[in-house]
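Asks: Could you have a look at this structure, given as C-alpha coordinates, before my questions?
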Amino acid sequence: MTKADIVNEIKKKTGIDKQTVLTTVEAFMDAVKDSLSNDENVYLRGFGSFVVKKRAQKTARNISKNTTIIIPEHNIPAFKPAKTFTISVKK
(Lines give C-alpha, C1' and ligand atoms only; values in the text may rest on other atoms or scores of the structure.)
Protein backbone atom coordinates (compact mmCIF):
# COMPACT_ATOMS: atom_id res chain seq x y z
CA MET A 1 0.00 0.00 0.00
CA THR A 2 1.39 3.40 -0.98
CA LYS A 3 0.80 6.84 0.50
CA ALA A 4 -1.65 7.57 -2.33
CA ASP A 5 -3.58 4.39 -1.48
CA ILE A 6 -3.75 5.43 2.18
CA VAL A 7 -5.01 8.90 1.20
CA ASN A 8 -7.69 7.40 -1.07
CA GLU A 9 -8.80 4.95 1.65
CA ILE A 10 -9.14 7.73 4.24
CA LYS A 11 -10.96 9.89 1.68
CA LYS A 12 -13.47 7.08 1.05
CA LYS A 13 -14.07 6.38 4.74
CA THR A 14 -14.36 10.00 5.93
CA GLY A 15 -15.61 11.96 2.91
CA ILE A 16 -12.91 14.60 3.39
CA ASP A 17 -11.40 15.99 0.18
CA LYS A 18 -8.21 14.38 -1.11
CA GLN A 19 -5.93 17.43 -0.70
CA THR A 20 -6.86 17.88 2.97
CA VAL A 21 -6.25 14.19 3.69
CA LEU A 22 -2.89 14.31 1.87
CA THR A 23 -1.83 17.37 3.87
CA THR A 24 -2.85 15.66 7.11
CA VAL A 25 -1.02 12.43 6.31
CA GLU A 26 2.15 14.32 5.37
CA ALA A 27 1.89 16.46 8.53
CA PHE A 28 1.62 13.26 10.61
CA MET A 29 4.71 11.77 8.94
CA ASP A 30 6.65 15.02 9.45
CA ALA A 31 5.65 15.11 13.13
CA VAL A 32 6.88 11.52 13.62
CA LYS A 33 10.16 12.25 11.78
CA ASP A 34 10.76 15.46 13.77
CA SER A 35 10.02 13.72 17.05
CA LEU A 36 12.39 10.83 16.30
CA SER A 37 15.07 13.29 15.14
CA ASN A 38 14.87 14.88 18.60
CA ASP A 39 15.23 11.47 20.32
CA GLU A 40 11.56 11.47 21.37
CA ASN A 41 9.54 8.30 20.91
CA VAL A 42 6.00 8.36 19.48
CA TYR A 43 3.37 6.16 21.16
CA LEU A 44 0.05 5.44 19.43
CA ARG A 45 -2.17 3.39 21.74
CA GLY A 46 -3.60 0.33 19.98
CA PHE A 47 -1.32 0.80 16.97
CA GLY A 48 2.31 0.80 18.07
CA SER A 49 5.36 2.83 18.93
CA PHE A 50 7.91 4.58 16.77
CA VAL A 51 11.13 4.48 18.78
CA VAL A 52 14.77 5.47 18.40
CA LYS A 53 17.20 2.58 18.87
CA LYS A 54 20.90 3.01 19.48
CA ARG A 55 23.26 0.82 17.44
CA ALA A 56 26.58 0.12 19.12
CA GLN A 57 29.91 0.72 17.43
CA LYS A 58 31.07 -2.27 15.41
CA THR A 59 33.84 -3.43 13.14
CA ALA A 60 32.99 -4.31 9.55
CA ARG A 61 34.94 -5.45 6.52
CA ASN A 62 35.22 -3.85 3.12
CA ILE A 63 35.71 -7.00 1.06
CA SER A 64 36.55 -5.20 -2.18
CA LYS A 65 39.59 -3.51 -0.56
CA ASN A 66 40.15 -6.23 2.07
CA THR A 67 40.22 -3.72 4.93
CA THR A 68 38.38 -3.33 8.20
CA ILE A 69 36.40 -0.23 9.03
CA ILE A 70 34.79 0.94 12.24
CA ILE A 71 31.13 1.88 12.05
CA PRO A 72 30.46 4.40 14.82
CA GLU A 73 27.55 4.24 17.26
CA HIS A 74 24.39 5.66 15.68
CA ASN A 75 20.62 5.90 16.10
CA ILE A 76 18.04 4.21 13.88
CA PRO A 77 14.25 4.48 13.80
CA ALA A 78 12.20 1.40 14.62
CA PHE A 79 8.53 0.45 14.89
CA LYS A 80 7.13 -1.84 17.56
CA PRO A 81 3.50 -2.87 16.92
CA ALA A 82 1.00 -2.92 19.78
CA LYS A 83 -0.22 -6.27 21.03
CA THR A 84 -3.74 -5.71 19.60
CA PHE A 85 -2.20 -4.78 16.24
CA THR A 86 -0.13 -7.97 16.19
CA ILE A 87 -3.12 -10.12 17.10
CA SER A 88 -5.27 -8.60 14.33
CA VAL A 89 -2.57 -9.23 11.71
CA LYS A 90 -2.10 -12.86 12.79
CA LYS A 91 -5.77 -13.68 12.14
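Letters A, B, ... mark the chains of the C-alpha coordinates in the order given; residue numbers begin at 1 per chain; ligand numbers begin at 1, in order shown.
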Give the strand (DSSP E or B) residues of chain A, as assigned by DSSP on the backbone, as number ranges by chain.

Replies: A: 42-44, 48-55, 58-62, 67-71, 74-81

Asks: So, counting only C-alpha atoms, which residue among A:Ile63, A:Val21, A:Ala78, A:Val7 is closest to A:Val42?

Replies: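 With only C-alpha atoms as the atom set, the closest residue is A:Ala78.
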
Asks: Please identify all polymer residues within 9 Å of A:Val25, counting only C-alpha atoms, omitting same-chain residues fewer than 5 positions from it, and present them as an MDAnalysis selection string.

Replies: chainID A and resid 3 6:7 20 30

Asks: Include all heavy atoms and write out the residues we just selected as an mmCIF file, in the first residue's frame.

Replies:
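Output contents, as saved in part-v7.cif:
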data_model
loop_
_atom_site.group_PDB
_atom_site.id
_atom_site.type_symbol
_atom_site.label_atom_id
_atom_site.label_comp_id
_atom_site.auth_asym_id
_atom_site.auth_seq_id
_atom_site.Cartn_x
_atom_site.Cartn_y
_atom_site.Cartn_z
ATOM 1 N N LYS A 3 1.392 5.671 -0.148
ATOM 2 C CA LYS A 3 0.800 6.841 0.503
ATOM 3 C C LYS A 3 -0.467 7.266 -0.229
ATOM 4 O O LYS A 3 -1.475 7.620 0.397
ATOM 5 C CB LYS A 3 1.812 7.990 0.557
ATOM 6 C CG LYS A 3 1.269 9.208 1.264
ATOM 7 C CD LYS A 3 2.277 10.307 1.566
ATOM 8 C CE LYS A 3 3.273 10.616 0.533
ATOM 9 N NZ LYS A 3 4.077 11.824 0.796
ATOM 10 N N ILE A 6 -3.288 5.063 0.834
ATOM 11 C CA ILE A 6 -3.751 5.430 2.176
ATOM 12 C C ILE A 6 -4.640 6.660 2.113
ATOM 13 O O ILE A 6 -5.709 6.708 2.734
ATOM 14 C CB ILE A 6 -2.554 5.662 3.118
ATOM 15 C CG1 ILE A 6 -1.829 4.343 3.362
ATOM 16 C CG2 ILE A 6 -3.000 6.288 4.439
ATOM 17 C CD1 ILE A 6 -0.495 4.485 4.066
ATOM 18 N N VAL A 7 -4.223 7.665 1.347
ATOM 19 C CA VAL A 7 -5.013 8.895 1.199
ATOM 20 C C VAL A 7 -6.378 8.574 0.604
ATOM 21 O O VAL A 7 -7.409 9.058 1.088
ATOM 22 C CB VAL A 7 -4.252 9.942 0.347
ATOM 23 C CG1 VAL A 7 -5.148 11.103 -0.048
ATOM 24 C CG2 VAL A 7 -3.028 10.445 1.104
ATOM 25 N N THR A 20 -6.901 17.721 1.512
ATOM 26 C CA THR A 20 -6.859 17.878 2.969
ATOM 27 C C THR A 20 -6.309 16.616 3.620
ATOM 28 O O THR A 20 -5.493 16.694 4.550
ATOM 29 C CB THR A 20 -8.267 18.187 3.520
ATOM 30 O OG1 THR A 20 -8.771 19.338 2.854
ATOM 31 C CG2 THR A 20 -8.236 18.432 5.011
ATOM 32 N N ASP A 30 5.652 14.025 9.057
ATOM 33 C CA ASP A 30 6.647 15.021 9.446
ATOM 34 C C ASP A 30 6.766 15.114 10.963
ATOM 35 O O ASP A 30 7.872 15.233 11.503
ATOM 36 C CB ASP A 30 6.293 16.398 8.873
ATOM 37 C CG ASP A 30 6.540 16.490 7.374
ATOM 38 O OD1 ASP A 30 7.311 15.655 6.841
ATOM 39 O OD2 ASP A 30 5.959 17.393 6.736
#

Asks: Counting only C-alpha atoms, figure out which residue out of A:Lys65, A:Phe47, A:Ile71, A:Asn41 gets nearest to A:Val89.

Replies: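 Using only C-alpha atoms, the shortest distance to A:Val89 belongs to A:Phe47.
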
Asks: With only C-alpha atoms as the counted atoms, please give the residues lying no more than 7 Å from A:Lys80, apart from itself and same-chain residues fewer than 3 positions off, as a PyMOL selection string.

Replies: chain A and resi 48-50

Asks: Using all heavy atoms, can you write the selected residues to a file as a short mmCIF file (atom, residue, chain, number, x, y, z; two decimals), in the first residue's frame?

Replies:
data_model
loop_
_atom_site.label_atom_id
_atom_site.label_comp_id
_atom_site.auth_asym_id
_atom_site.auth_seq_id
_atom_site.Cartn_x
_atom_site.Cartn_y
_atom_site.Cartn_z
N GLY A 48 0.92 1.15 17.86
CA GLY A 48 2.31 0.80 18.07
C GLY A 48 3.14 1.99 18.46
O GLY A 48 2.62 3.09 18.69
N SER A 49 4.44 1.78 18.51
CA SER A 49 5.36 2.83 18.93
C SER A 49 6.46 3.00 17.89
O SER A 49 7.03 2.02 17.41
CB SER A 49 6.01 2.45 20.26
OG SER A 49 5.04 2.22 21.24
N PHE A 50 6.75 4.24 17.58
CA PHE A 50 7.91 4.58 16.77
C PHE A 50 8.99 4.98 17.77
O PHE A 50 8.81 5.92 18.54
CB PHE A 50 7.62 5.75 15.83
CG PHE A 50 6.59 5.43 14.78
CD1 PHE A 50 5.25 5.71 14.98
CD2 PHE A 50 6.96 4.84 13.58
CE1 PHE A 50 4.30 5.43 14.02
CE2 PHE A 50 6.02 4.54 12.62
CZ PHE A 50 4.69 4.84 12.84
#

Asks: Any idea what the distance is between atom CA of A:Glu40 and atom CA of A:Glu26?

Replies: 18.8 Å

Asks: Check the smallest atom-to-atom distance from each of A:Pro77, A:Ile87, A:Asp5, A:Val32 to A:Lys18 using only C-alpha atoms, then report the winner.

Replies: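 Smallest distance to A:Lys18 is found for A:Asp5.
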
Asks: Using DSSP on the backbone coordinates, identify all residues within chain A classified as alpha helix (DSSP H); present the result as a ChimeraX atom specification.

Replies: /A:3-14,18-37,83-90

Asks: Using only C-alpha atoms, which of the listed residues (A:Ala82, A:Asn75, A:Thr24, A:Thr67) sits closest to A:Asp39?

Replies: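 Nearest to A:Asp39: A:Asn75.
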
Asks: Could you jot down the atom CA of A:Ala31 to atom CA of A:Lys53 separation for me, Å, one decimal place?

Replies: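 Taking atom CA of A:Ala31 as the start and atom CA of A:Lys53 as the end point, the length is 18.0 Å.
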